[in-house]
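Colleague: Just target_15.txt, nothing more (compact mmCIF, C-alpha atoms and all ligand atoms):
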```txt
# COMPACT_ATOMS: atom_id res chain seq x y z
CA MET Z 46 20.72 148.72 176.33
CA GLN Z 47 23.00 146.61 178.43
CA PRO Z 48 25.85 144.91 176.66
CA ILE Z 49 25.31 141.18 176.82
CA GLY Z 50 28.04 138.55 176.49
CA GLY Z 51 28.89 136.98 173.16
CA ALA Z 52 27.26 133.66 174.01
CA GLY Z 53 23.96 134.64 172.43
CA VAL Z 54 25.40 135.72 169.10
CA ILE Z 55 24.56 133.48 166.16
CA ARG Z 56 26.27 133.93 162.81
CA VAL Z 57 24.33 132.79 159.77
CA PRO Z 58 26.41 132.62 156.58
CA VAL Z 59 24.79 133.78 153.33
CA GLN Z 60 26.34 132.72 150.03
CA SER Z 61 25.64 134.65 146.91
CA GLY Z 62 27.27 135.27 143.56
CA GLN Z 63 27.76 138.90 144.47
CA ARG Z 64 29.47 138.22 147.79
CA ASP Z 65 29.35 135.95 150.81
CA TYR Z 66 28.47 137.58 154.09
CA GLN Z 67 27.25 136.85 157.57
CA VAL Z 68 24.07 137.79 159.34
CA LEU Z 69 24.90 138.37 162.98
CA VAL Z 70 21.87 137.69 165.17
CA GLY Z 71 22.13 138.41 168.86
CA ASN Z 72 20.68 139.89 171.98
CA GLY Z 73 22.80 143.00 172.36
CA ALA Z 74 24.56 142.36 169.03
CA LEU Z 75 25.02 146.08 168.38
CA HIS Z 76 27.57 146.05 171.17
CA GLU Z 77 29.35 143.06 169.69
CA ALA Z 78 29.57 144.60 166.28
CA ALA Z 79 32.73 146.71 166.42
CA SER Z 80 34.97 144.00 164.99
CA ASP Z 81 32.46 143.17 162.24
CA LEU Z 82 32.12 146.84 161.39
CA ALA Z 83 35.91 147.25 161.46
CA ALA Z 84 36.20 144.47 158.91
CA VAL Z 85 33.92 146.40 156.55
CA CYS Z 86 34.78 150.03 157.08
CA SER Z 87 37.89 150.48 159.16
CA GLY Z 88 39.65 153.76 158.46
CA GLY Z 89 36.95 154.91 156.05
CA ALA Z 90 33.92 157.11 156.35
CA ALA Z 91 30.34 156.04 156.85
CA ILE Z 92 26.92 157.57 156.48
CA VAL Z 93 24.33 156.14 158.88
CA VAL Z 94 20.78 156.53 157.57
CA SER Z 95 17.93 156.18 160.05
CA ASP Z 96 14.46 157.53 160.79
CA ALA Z 97 13.06 159.79 163.48
CA ASN Z 98 11.70 156.91 165.58
CA VAL Z 99 14.78 154.72 165.44
CA ALA Z 100 17.61 157.28 165.60
CA PRO Z 101 16.95 158.52 169.17
CA LEU Z 102 16.97 154.90 170.37
CA TYR Z 103 19.84 153.29 168.47
CA MET Z 104 21.95 155.85 166.60
CA ALA Z 105 24.31 156.29 169.57
CA PRO Z 106 25.37 152.64 170.02
CA VAL Z 107 25.83 152.21 166.26
CA CYS Z 108 27.96 155.34 165.96
CA ALA Z 109 29.96 154.27 169.02
CA ALA Z 110 30.66 150.89 167.39
CA LEU Z 111 31.70 152.70 164.19
CA ARG Z 112 34.01 154.99 166.15
CA ASP Z 113 35.53 151.94 167.87
CA ALA Z 114 36.08 150.53 164.40
CA GLY Z 115 38.00 153.69 163.44
CA CYS Z 116 35.30 154.95 161.13
CA ALA Z 117 34.04 158.55 160.93
CA ALA Z 118 30.24 158.60 160.77
CA THR Z 119 27.79 161.15 159.37
CA GLU Z 120 24.27 160.76 160.74
CA VAL Z 121 21.24 161.31 158.51
CA VAL Z 122 17.81 161.13 160.13
CA LEU Z 123 14.73 161.05 157.88
CA PRO Z 124 11.06 161.26 158.87
CA ALA Z 125 9.49 157.83 159.44
CA GLY Z 126 7.20 156.21 156.88
CA GLU Z 127 6.91 154.57 153.47
CA ALA Z 128 6.65 157.99 151.73
CA GLN Z 129 10.41 158.41 152.29
CA LYS Z 130 11.14 155.50 149.95
CA CYS Z 131 11.29 157.72 146.87
CA LEU Z 132 13.76 159.05 144.33
CA ALA Z 133 13.66 162.56 145.79
CA ARG Z 134 14.90 161.25 149.12
CA ALA Z 135 17.52 159.10 147.40
CA GLU Z 136 18.76 162.21 145.58
CA GLU Z 137 19.09 164.05 148.88
CA LEU Z 138 21.20 161.22 150.25
CA PHE Z 139 23.37 161.31 147.10
CA GLY Z 140 23.85 165.02 147.89
CA VAL Z 141 25.09 164.30 151.40
CA MET Z 142 27.47 161.65 150.07
CA TYR Z 143 28.77 164.04 147.41
CA GLU Z 144 29.39 166.81 149.93
CA ARG Z 145 31.23 164.42 152.22
CA HIS Z 146 33.37 163.17 149.32
CA LEU Z 147 32.45 159.54 149.97
CA THR Z 148 34.24 157.01 147.79
CA ARG Z 149 33.57 153.39 146.93
CA ALA Z 150 35.71 152.36 149.90
CA ASP Z 151 33.22 154.04 152.25
CA THR Z 152 30.12 152.59 153.85
CA VAL Z 153 26.39 153.17 154.03
CA VAL Z 154 24.78 151.88 157.23
CA ALA Z 155 21.01 151.37 157.08
CA LEU Z 156 19.63 151.60 160.64
CA GLY Z 157 15.90 150.96 160.78
CA GLY Z 158 13.04 148.94 159.32
CA GLY Z 159 12.39 147.87 155.76
CA VAL Z 160 11.83 151.42 154.53
CA ILE Z 161 15.28 152.60 155.60
CA GLY Z 162 16.90 149.33 154.49
CA ASP Z 163 15.42 149.53 150.98
CA LEU Z 164 16.16 153.24 150.52
CA ALA Z 165 19.67 153.32 151.99
CA GLY Z 166 20.46 150.02 150.26
CA PHE Z 167 19.37 151.49 146.92
CA VAL Z 168 21.55 154.54 147.46
CA ALA Z 169 24.50 152.34 148.43
CA ALA Z 170 24.00 150.19 145.32
CA THR Z 171 23.88 153.07 142.86
CA TYR Z 172 26.12 155.89 144.12
CA LEU Z 173 29.48 155.51 142.33
CA ARG Z 174 28.10 152.13 141.17
CA GLY Z 175 28.18 150.76 144.66
CA LEU Z 176 29.56 151.52 148.11
CA ARG Z 177 29.84 149.12 150.99
CA LEU Z 178 26.53 148.41 152.70
CA VAL Z 179 25.76 147.33 156.25
CA GLN Z 180 22.17 146.54 157.17
CA VAL Z 181 21.15 147.06 160.80
CA PRO Z 182 17.46 146.00 160.76
CA THR Z 183 15.42 147.12 163.78
CA THR Z 184 12.01 145.59 162.98
CA LEU Z 185 11.17 141.90 163.21
CA LEU Z 186 9.99 142.07 159.59
CA ALA Z 187 13.29 143.50 158.37
CA GLN Z 188 15.38 141.10 160.48
CA VAL Z 189 13.71 137.98 159.09
CA ASP Z 190 13.03 139.26 155.59
CA ALA Z 191 13.99 142.61 154.08
CA ALA Z 192 17.57 142.95 155.33
CA VAL Z 193 18.62 139.55 153.95
CA GLY Z 194 18.70 138.71 150.27
CA GLY Z 195 19.74 141.95 148.64
CA LYS Z 196 16.50 143.45 147.34
CA VAL Z 197 16.84 147.25 147.48
CA GLY Z 198 14.78 149.97 145.86
CA VAL Z 199 12.32 152.82 146.04
CA ASP Z 200 8.66 153.27 145.15
CA PHE Z 201 7.83 155.02 141.87
CA ARG Z 202 4.36 156.41 141.04
CA ALA Z 203 1.91 153.61 141.90
CA GLY Z 204 4.63 150.98 141.80
CA LYS Z 205 5.95 149.68 145.11
CA ASN Z 206 9.68 148.91 144.83
CA HIS Z 207 9.35 149.76 141.14
CA VAL Z 208 12.90 151.10 140.80
CA GLY Z 209 15.63 149.02 142.37
CA THR Z 210 18.16 146.27 142.09
CA PHE Z 211 19.73 143.30 143.87
CA TYR Z 212 22.61 144.41 146.07
CA GLN Z 213 23.85 142.15 148.82
CA PRO Z 214 25.13 143.80 152.00
CA TRP Z 215 28.64 143.32 153.38
CA THR Z 216 27.17 142.33 156.71
CA VAL Z 217 23.84 142.35 158.56
CA LEU Z 218 23.60 143.10 162.28
CA ALA Z 219 20.28 141.97 163.73
CA ASP Z 220 19.94 142.81 167.41
CA VAL Z 221 16.74 141.33 168.84
CA GLN Z 222 17.05 143.70 171.79
CA THR Z 223 15.98 146.53 169.47
CA LEU Z 224 12.63 144.78 168.94
CA ALA Z 225 11.58 145.56 172.53
CA THR Z 226 10.73 149.14 171.54
CA LEU Z 227 8.68 148.19 168.47
CA PRO Z 228 4.94 148.91 168.67
CA ALA Z 229 2.97 145.64 169.03
CA ARG Z 230 1.37 146.09 165.58
CA GLU Z 231 4.83 146.19 164.01
CA ARG Z 232 5.87 143.08 165.91
CA ARG Z 233 2.76 141.29 164.61
CA ASN Z 234 3.70 142.38 161.11
CA GLY Z 235 7.01 140.55 161.30
CA ALA Z 236 5.50 137.63 163.22
CA VAL Z 237 3.31 136.75 160.24
CA GLU Z 238 6.47 136.34 158.12
CA VAL Z 239 7.89 134.13 160.90
CA VAL Z 240 4.77 131.93 160.66
CA LYS Z 241 5.35 131.80 156.90
CA TYR Z 242 8.83 130.36 157.53
CA ALA Z 243 7.34 127.87 160.03
CA LEU Z 244 5.00 126.59 157.32
CA LEU Z 245 7.66 126.54 154.59
CA ALA Z 246 10.27 124.76 156.70
CA GLY Z 247 8.00 122.58 158.87
CA GLY Z 248 9.77 120.11 161.19
CA GLU Z 249 11.86 121.50 164.02
CA THR Z 250 11.58 125.05 162.73
CA MET Z 251 7.81 124.89 163.14
CA THR Z 252 8.11 123.34 166.60
CA LEU Z 253 10.57 126.05 167.66
CA ILE Z 254 8.21 128.79 166.48
CA GLU Z 255 5.18 127.14 168.08
CA GLY Z 256 7.07 126.96 171.35
CA ALA Z 257 8.10 130.61 171.17
CA LEU Z 258 4.50 131.67 170.52
CA SER Z 259 2.83 129.58 173.18
CA GLY Z 260 1.17 131.81 175.74
CA ALA Z 261 1.54 134.98 173.66
CA PRO Z 262 0.11 137.66 175.97
CA VAL Z 263 -2.89 139.79 175.07
CA THR Z 264 -1.92 143.47 174.91
CA GLY Z 265 -3.77 146.72 175.52
CA ASP Z 266 -5.21 146.76 172.03
CA SER Z 267 -6.79 143.39 172.86
CA ALA Z 268 -4.87 141.43 170.25
CA ARG Z 269 -2.03 139.05 170.97
CA ASP Z 270 1.52 140.35 171.10
CA PRO Z 271 3.97 137.84 169.65
CA ALA Z 272 6.88 139.30 171.64
CA GLY Z 273 8.02 135.72 172.37
CA LEU Z 274 9.24 135.48 168.76
CA CYS Z 275 11.77 138.27 169.25
CA ARG Z 276 14.49 135.75 170.14
CA GLU Z 277 17.82 135.25 168.47
CA ASP Z 278 17.24 131.52 167.84
CA VAL Z 279 13.90 132.22 166.13
CA VAL Z 280 15.25 135.08 164.01
CA ALA Z 281 18.35 133.06 163.08
CA GLU Z 282 16.21 130.08 162.03
CA CYS Z 283 14.19 132.28 159.66
CA VAL Z 284 17.35 133.90 158.29
CA ARG Z 285 18.84 130.43 157.68
CA TYR Z 286 15.82 129.45 155.60
CA LYS Z 287 15.90 132.66 153.61
CA ALA Z 288 19.67 132.35 153.12
CA ARG Z 289 19.20 128.89 151.58
CA VAL Z 290 16.57 130.16 149.18
CA VAL Z 291 18.57 133.24 148.23
CA ALA Z 292 21.69 131.16 147.61
CA ALA Z 293 19.68 128.99 145.21
CA ASP Z 294 18.07 131.89 143.36
CA GLU Z 295 19.81 135.19 143.97
CA ARG Z 296 17.97 137.23 141.34
CA GLU Z 297 14.54 135.59 141.37
CA GLU Z 298 15.25 133.70 138.16
CA SER Z 299 15.09 129.97 138.83
CA GLY Z 300 11.83 130.14 140.77
CA GLU Z 301 13.22 128.97 144.11
CA ARG Z 302 12.78 132.45 145.52
CA HIS Z 303 9.10 132.21 144.67
CA LEU Z 304 8.67 130.04 147.75
CA LEU Z 305 9.00 133.19 149.82
CA ASN Z 306 5.74 134.35 148.19
CA LEU Z 307 3.73 131.86 150.25
CA GLY Z 308 0.55 133.73 151.23
CA HIS Z 309 1.66 136.80 149.30
CA THR Z 310 -0.36 136.45 146.08
CA ILE Z 311 -3.67 137.10 147.79
CA GLY Z 312 -1.86 139.07 150.52
CA HIS Z 313 -0.55 141.66 148.05
CA ALA Z 314 -4.02 141.99 146.50
CA VAL Z 315 -5.57 142.57 149.95
CA GLU Z 316 -2.88 145.14 150.77
CA ALA Z 317 -3.47 146.99 147.49
CA ALA Z 318 -7.29 146.77 147.78
CA GLY Z 319 -6.98 148.50 151.15
CA ARG Z 320 -4.76 151.15 149.53
CA PHE Z 321 -1.83 150.11 151.72
CA SER Z 322 -3.47 151.66 154.77
CA ARG Z 323 -6.40 149.46 155.82
CA TYR Z 324 -4.19 146.40 156.25
CA SER Z 325 -0.50 146.38 157.11
CA HIS Z 326 1.73 144.06 155.08
CA GLY Z 327 1.66 141.46 157.84
CA GLU Z 328 -2.11 141.60 158.30
CA ALA Z 329 -2.65 141.26 154.56
CA VAL Z 330 -0.19 138.34 154.35
CA ALA Z 331 -1.95 136.66 157.30
CA LEU Z 332 -5.18 136.77 155.30
CA GLY Z 333 -3.23 135.49 152.30
CA LEU Z 334 -1.91 132.61 154.41
CA HIS Z 335 -5.44 131.73 155.58
CA ALA Z 336 -6.52 131.67 151.93
CA MET Z 337 -3.46 129.59 151.02
CA LEU Z 338 -4.39 127.00 153.68
CA TRP Z 339 -7.98 126.82 152.39
CA LEU Z 340 -6.73 126.34 148.81
CA SER Z 341 -4.07 123.84 149.88
CA GLU Z 342 -6.67 121.64 151.58
CA ARG Z 343 -8.59 121.52 148.31
CA LEU Z 344 -5.84 121.51 145.69
CA THR Z 345 -2.64 120.06 147.13
CA GLY Z 346 -3.93 117.63 149.75
CA LEU Z 347 -3.05 119.53 152.92
CA ASP Z 348 -4.40 117.65 155.93
CA ALA Z 349 -7.21 119.33 157.86
CA ALA Z 350 -5.23 118.79 161.06
CA ASP Z 351 -2.16 120.53 159.60
CA ALA Z 352 -4.30 123.42 158.37
CA GLU Z 353 -5.73 123.70 161.88
CA ARG Z 354 -2.22 123.70 163.36
CA ALA Z 355 -1.22 126.55 161.03
CA THR Z 356 -4.41 128.46 161.85
CA ARG Z 357 -3.54 128.25 165.55
CA LEU Z 358 -0.13 129.80 164.82
CA LEU Z 359 -1.72 132.71 162.97
CA ALA Z 360 -4.19 133.20 165.84
CA ALA Z 361 -1.34 133.23 168.37
CA VAL Z 362 0.28 136.06 166.42
CA GLY Z 363 -2.90 138.13 166.75
CA ALA Z 364 -3.34 138.40 162.99
CA PRO Z 365 -6.78 138.92 161.42
CA ASP Z 366 -8.60 135.90 159.95
CA ARG Z 367 -11.52 137.72 158.27
CA LEU Z 368 -11.44 140.12 155.35
CA ALA Z 369 -13.53 143.17 156.27
CA GLU Z 370 -13.84 146.75 155.01
CA VAL Z 371 -12.11 145.87 151.78
CA ASP Z 372 -14.09 144.98 148.70
CA GLY Z 373 -13.79 141.28 147.88
CA ASP Z 374 -14.32 141.78 144.14
CA THR Z 375 -11.43 144.25 144.06
CA VAL Z 376 -9.22 141.63 145.69
CA VAL Z 377 -10.23 139.02 143.10
CA GLU Z 378 -9.58 141.51 140.26
CA LEU Z 379 -6.17 142.42 141.63
CA VAL Z 380 -5.16 138.75 141.93
CA ALA Z 381 -6.23 138.19 138.32
CA ARG Z 382 -4.24 141.22 137.17
CA ASP Z 383 -1.19 140.01 139.10
CA LYS Z 384 -1.41 136.59 137.50
CA LYS Z 385 -1.74 138.13 134.06
CA ALA Z 386 1.31 140.29 134.61
CA ALA Z 387 3.28 137.19 135.57
CA GLY Z 388 2.58 135.69 132.14
CA PRO Z 389 1.66 132.07 131.53
CA GLN Z 390 3.46 131.02 134.71
CA ILE Z 391 0.97 130.89 137.52
CA THR Z 392 2.33 132.23 140.70
CA PHE Z 393 0.59 130.36 143.52
CA VAL Z 394 2.63 128.59 146.12
CA LEU Z 395 0.58 126.13 148.21
CA LEU Z 396 1.42 123.46 150.78
CA SER Z 397 0.96 119.72 150.68
CA ALA Z 398 2.15 119.60 154.29
CA PRO Z 399 4.13 121.87 156.62
CA GLY Z 400 7.66 121.80 155.21
CA ALA Z 401 6.41 120.68 151.79
CA PRO Z 402 5.55 123.73 149.68
CA VAL Z 403 4.35 123.20 146.11
CA ARG Z 404 5.25 125.85 143.53
CA ASN Z 405 3.43 126.83 140.34
CA VAL Z 406 0.04 125.46 141.30
CA HIS Z 407 -2.69 126.40 138.86
CA VAL Z 408 -5.57 127.89 140.83
CA PRO Z 409 -8.77 128.28 138.77
CA SER Z 410 -10.42 131.72 138.95
CA GLU Z 411 -13.56 130.21 140.53
CA SER Z 412 -11.47 128.96 143.43
CA ILE Z 413 -9.97 132.41 143.91
CA LYS Z 414 -13.47 133.87 144.05
CA GLU Z 415 -14.59 131.19 146.47
CA VAL Z 416 -11.66 131.61 148.81
CA VAL Z 417 -12.08 135.40 148.92
CA GLU Z 418 -15.78 134.89 149.74
CA TRP Z 419 -14.76 132.49 152.48
CA LEU Z 420 -12.35 135.13 153.88
CA GLN Z 421 -15.32 137.51 154.13
CA ARG Z 422 -17.46 135.09 156.16
CA PRO Z 423 -19.14 136.74 159.16
P1 LIG W 501 9.15 147.43 158.03
O1 LIG W 501 9.01 147.72 156.57
O2 LIG W 501 10.31 146.60 158.36
O3 LIG W 501 7.88 147.04 158.71
P2 LIG W 501 9.32 150.31 158.60
O4 LIG W 501 10.60 150.90 158.15
O5 LIG W 501 8.08 150.62 157.86
O6 LIG W 501 9.56 148.78 158.75
O7 LIG W 501 9.14 150.63 160.14
C1 LIG W 501 7.94 150.48 160.80
C2 LIG W 501 7.80 151.56 161.88
O8 LIG W 501 8.49 151.17 163.07
C3 LIG W 501 8.38 152.90 161.51
O9 LIG W 501 7.54 153.90 162.04
C4 LIG W 501 9.73 152.92 162.21
O10 LIG W 501 10.15 154.23 162.49
C5 LIG W 501 9.44 152.16 163.46
N1 LIG W 501 10.57 151.43 164.04
C6 LIG W 501 11.46 150.67 163.38
N2 LIG W 501 12.28 150.03 164.24
C7 LIG W 501 11.89 150.41 165.49
C8 LIG W 501 12.34 150.06 166.80
N3 LIG W 501 13.30 149.18 166.98
N4 LIG W 501 11.71 150.64 167.83
C9 LIG W 501 10.67 151.51 167.64
N5 LIG W 501 10.20 151.84 166.44
C10 LIG W 501 10.80 151.30 165.37
ZN ZN W 502 6.13 139.73 153.10
```
Kindly transcribe the structure held in the file into structure tokens.
Ligand code: ADP
Ligand code: ZN
Modeller:
Amino acid sequence: MQPIGGAGVIRVPVQSGQRDYQVLVGNGALHEAASDLAAVCSGGAAIVVSDANVAPLYMAPVCAALRDAGCAATEVVLPAGEAQKCLARAEELFGVMYERHLTRADTVVALGGGVIGDLAGFVAATYLRGLRLVQVPTTLLAQVDAAVGGKVGVDFRAGKNHVGTFYQPWTVLADVQTLATLPARERRNGAVEVVKYALLAGGETMTLIEGALSGAPVTGDSARDPAGLCREDVVAECVRYKARVVAADEREESGERHLLNLGHTIGHAVEAAGRFSRYSHGEAVALGLHAMLWLSERLTGLDAADAERATRLLAAVGAPDRLAEVDGDTVVELVARDKKAAGPQITFVLLSAPGAPVRNVHVPSESIKEVVEWLQRP
């Protein structure tokens, strides 16, 4: 990675009850980070948690920035994959921290995608009731979503993120240069969340994202590669939206944060019906967004032309638009179970227009059945 001048660095402030912090978004931001890291951990110790794919690529520049900040770093490299997000792995990390005599003045740096961010964030939140935490997200999904907003945790039995808490980081360093090494499928995963923000925010945000996606090239696996979205202005725009929502509803209490569930109600059901392997999170959410558009046209007055515009965005990302190889009835059952668990509050977020989401829409079960059938059309 070549260091790039500071001109491209965007700082997005996040306000929360726990603490205010900045998300630094830049092209080459890891090289700009020494002063930000010094502000968090100067003179202390740090443990940098990463995975086997990310560490060989980015551990060195992060540790160099920590050294420049006067901070002694211990590197911990875990295998890659969701299976690492468990209590056993958290306990191992506690062990390393105990052996190194880390104190509350020391820092945990999470270097990787959502898995590392959630796990290392959970460990930072709970060891000694909370150490300093720096998120260095290296996937598009983590940069626009997981690393901002403070949700940390591990999976437990069948429950994804079943054990966890809200713990805001001290700072987030999002370097879009790291996205160049992501496999195309992972980039698509994050790109679907970017489209979600385009639809939630509408207006100039949507135009910016449409522009960045125009002419998305077709890659070797014959689907589109939304590499054009891996830009600091696009990532910063998504982070700004999320920061506003998080500031309004830090702990998912007032309902504002529910907006971020656009496309996720059916998306989560599709993901679970495929046992978290048939469809990636992004692919499942893309199907959820298609379903959301279909429902919005019928229930909240979304214009056909706007639905078409949104569909074009999802196509440009290379996301699937048909549900296949997953049983439709299972999806319908899982949505129903989800709704039941949420109590009398119904959890659908739909759109009346781009930039105009509608929360708490009651969707009758027949419509859910119909939309899942429509997703399975040949
Ligand atoms: P997310 O939950 O954000 O999608 P994961 O932690 O599941 O992210 O990471 C997805 C995969 O991509 C993992 O195999 C991870 O090791 C790998 N990965 C993460 N960041 C990079 C990167 N910048 N370059 C290459 N591979 C990466
Ligand atoms: Zn999501």
Colleague: Would you give me, as CSV, each residue of stretch 192-225 of chain Z having an atom within 7 Å of an atom of stretch 131-149 of chain Z, along with its shortest atom pair and that distance in Å to one decimal, using only C-alpha atoms and sorting by chain and residue number?
Modeller:
```
residue,atom,partner,partner_atom,distance
Z:Val199,CA,Z:Cys131,CA,5.1
Z:Asp200,CA,Z:Cys131,CA,5.4
Z:Phe201,CA,Z:Cys131,CA,6.7
```
Colleague: Name the closest residue to ligand ZN 502 (chain W) among the candidates Z:Ala317, Z:Ala350, Z:Val284, Z:Ala187; distances are taken between atoms, counting all atoms listed in the file.
Modeller: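 When distances to ligand ZN 502 (chain W) are compared using all atoms listed in the file, the smallest one comes from Z:Ala187.
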Colleague: Any chance you could tabulate, as a tab-separated table, the residues of chain Z at most 9 Å from ligand LIG 501 (chain W) with each one's nearest atom pair and distance in Å to one decimal, using only C-alpha atoms and all ligand atoms, in chain and rising number order?
Modeller:
```
residue	atom	partner	partner_atom	distance
Z:Ser95	CA	W:LIG501	O10	8.4
Z:Asp96	CA	W:LIG501	O10	5.7
Z:Ala97	CA	W:LIG501	O10	6.4
Z:Asn98	CA	W:LIG501	O10	4.4
Z:Val99	CA	W:LIG501	C7	5.2
Z:Ala100	CA	W:LIG501	O10	8.6
Z:Leu102	CA	W:LIG501	N4	7.2
Z:Tyr103	CA	W:LIG501	N3	7.9
Z:Pro124	CA	W:LIG501	O10	8.0
Z:Ala125	CA	W:LIG501	O10	4.8
Z:Gly126	CA	W:LIG501	O9	5.7
Z:Glu127	CA	W:LIG501	O5	6.0
Z:Leu156	CA	W:LIG501	N2	8.3
Z:Gly157	CA	W:LIG501	N2	5.1
Z:Gly158	CA	W:LIG501	O4	3.3
Z:Gly159	CA	W:LIG501	O1	3.5
Z:Val160	CA	W:LIG501	O4	3.9
Z:Ile161	CA	W:LIG501	O4	5.6
Z:Gly162	CA	W:LIG501	O4	7.5
Z:Asp163	CA	W:LIG501	O1	8.7
Z:Pro182	CA	W:LIG501	N2	7.4
Z:Thr183	CA	W:LIG501	N2	4.3
Z:Thr184	CA	W:LIG501	N2	4.6
Z:Leu185	CA	W:LIG501	O2	6.8
Z:Leu186	CA	W:LIG501	O2	4.7
Z:Ala187	CA	W:LIG501	O2	4.3
Z:Gln188	CA	W:LIG501	O2	7.8
Z:Asp190	CA	W:LIG501	O2	8.3
Z:Ala191	CA	W:LIG501	O2	6.9
Z:Ala192	CA	W:LIG501	O2	8.7
Z:Val221	CA	W:LIG501	N3	8.8
Z:Gln222	CA	W:LIG501	N3	8.2
Z:Thr223	CA	W:LIG501	N3	4.5
Z:Leu224	CA	W:LIG501	N3	4.9
Z:Ala225	CA	W:LIG501	N3	6.8
Z:Thr226	CA	W:LIG501	N4	4.1
Z:Leu227	CA	W:LIG501	N4	3.9
Z:Pro228	CA	W:LIG501	C9	6.4
Z:Glu231	CA	W:LIG501	O3	6.2
Z:Arg232	CA	W:LIG501	O3	8.5
Z:Asn234	CA	W:LIG501	O3	6.7
Z:Gly235	CA	W:LIG501	O3	7.0
Z:Ser325	CA	W:LIG501	O3	8.6
Z:His326	CA	W:LIG501	O3	7.7
Z:Gly327	CA	W:LIG501	O3	8.4
```
Colleague: Let me make sure I understand: among Z:Thr345, Z:Gln213, Z:Asn206, Z:Thr356, which one has the smallest atom-to-atom distance to Z:Leu244 if we use only C-alpha atoms?
Modeller: Z:Thr356
Colleague: What is the atom CA of Z:Ala381 to atom CA of Z:His303 distance in Å?
Modeller: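 Distance reported for this atom pair: 17.6 Å.
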Colleague: For Z:Val416, please output as a PDB file with C-alpha atoms, keeping the file's coordinate frame all residues within 8 Å (counting all atoms listed in the file; exclusion window: fewer than 4 positions along the same chain).
Modeller:
```
ATOM      1  CA  ALA Z 336      -6.520 131.670 151.930  1.00  0.00           C
ATOM      2  CA  TRP Z 339      -7.980 126.820 152.390  1.00  0.00           C
ATOM      3  CA  LEU Z 340      -6.730 126.340 148.810  1.00  0.00           C
ATOM      4  CA  SER Z 412     -11.470 128.960 143.430  1.00  0.00           C
ATOM      5  CA  LEU Z 420     -12.350 135.130 153.880  1.00  0.00           C
TER       6      LEU Z 420
END
```
Colleague: Please identify all polymer residues within 12 Å of Z:Val237, counting all atoms listed in the file, omitting same-chain residues fewer than 3 positions from it, and present them as a ChimeraX atom specification.
Modeller: /Z:185-186,189-190,230-234,240-244,254,258,270-271,274,283,307-309,312,325-335,355-356,358-366
Colleague: Check the smallest atom-to-atom distance from each of Z:Ala288, Z:Gly248, Z:Ile311, Z:Thr392 to ligand ZN 502 (chain W) using only C-alpha atoms and all ligand atoms, then report the winner.
Modeller: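 Answer, going by the shortest atom-to-atom distance: Z:Ile311.
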Colleague: Using only C-alpha atoms and all ligand atoms for the distances, tell me which of Z:His76, Z:His313, Z:Arg422, Z:Arg404 is nearest to ligand ZN 502 (chain W).
Modeller: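 Smallest distance to ligand ZN 502 (chain W) is found for Z:His313.
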Colleague: Nearest to ligand ZN 502 (chain W) among Z:Leu253, Z:Ala292, Z:Val371, Z:Val239, with distances taken over only C-alpha atoms and all ligand atoms: which residue is it?
Modeller: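 Of the candidates, the smallest distance to ligand ZN 502 (chain W) is held by Z:Val239.
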Colleague: Rank Z:Leu338, Z:Val408, Z:Ala169, Z:Val394 by their smallest atom-to-atom distance to Z:Leu305, using only C-alpha atoms, and report the top residue only.
Modeller: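 Checking each candidate against Z:Leu305, we get Z:Val394 as the closest.
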Colleague: Distance cut-off 10 Å, centre (30.5, 150.5, 167.5) in file coordinates, counting all atoms listed in the file: which residues qualify? Return them as a ChimeraX atom specification.
Modeller: /Z:75-83,105-116
Colleague: Quick one: residues within 8 Å of Z:Val121, only C-alpha atoms, excluding same-chain residues fewer than 6 positions away - as a PyMOL selection string?
Modeller: chain Z and resi 92-95
Colleague: Where's the centre, and what are the edge lengths in Å to one decimal, of a box along x, y and z enclosing all listed atoms of stretch 233-249 of chain Z padded 3 Å per side, as AutoDock Vina command-line options?
Modeller:
```
--center_x 7.3 --center_y 131.2 --center_z 159.6 --size_x 15.1 --size_y 28.3 --size_z 16.0
```
Colleague: Figure out the distance between atom CA of Z:Gly194 and atom CA of Z:Leu218, please, to one decimal in Å.
Modeller: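 We find that atom CA of Z:Leu218 and atom CA of Z:Gly194 lie 13.7 Å from each other.
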Colleague: Excluding Z:Gly89 and any residue of its chain fewer than 2 positions from it, enumerate the residues within 6 Å of it, using only C-alpha atoms, and give them as an MDAnalysis selection string.
Modeller: chainID Z and resid 86:87 116 151
Colleague: Hey, can you spit out that residue selection with C-alpha atoms as a PDB file, keeping the file's coordinate frame?
Modeller:
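result.pdb, written as the output of this step:
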```pdb
ATOM      1  CA  CYS Z  86      34.780 150.030 157.080  1.00  0.00           C
ATOM      2  CA  SER Z  87      37.890 150.480 159.160  1.00  0.00           C
ATOM      3  CA  CYS Z 116      35.300 154.950 161.130  1.00  0.00           C
ATOM      4  CA  ASP Z 151      33.220 154.040 152.250  1.00  0.00           C
TER       5      ASP Z 151
END
```
Colleague: Please compute the atom CA of Z:Thr152-atom CA of Z:Ala91 distance, one decimal, in Å.
Modeller: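 Separation of atom CA of Z:Thr152 and atom CA of Z:Ala91: 4.6 Å.
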Colleague: Show me, as a count of residues only, the residues that have an atom within 7 Å of stretch 67-73 of chain Z when counting only C-alpha atoms, minus same-chain residues fewer than 6 positions from it.
Modeller: 18
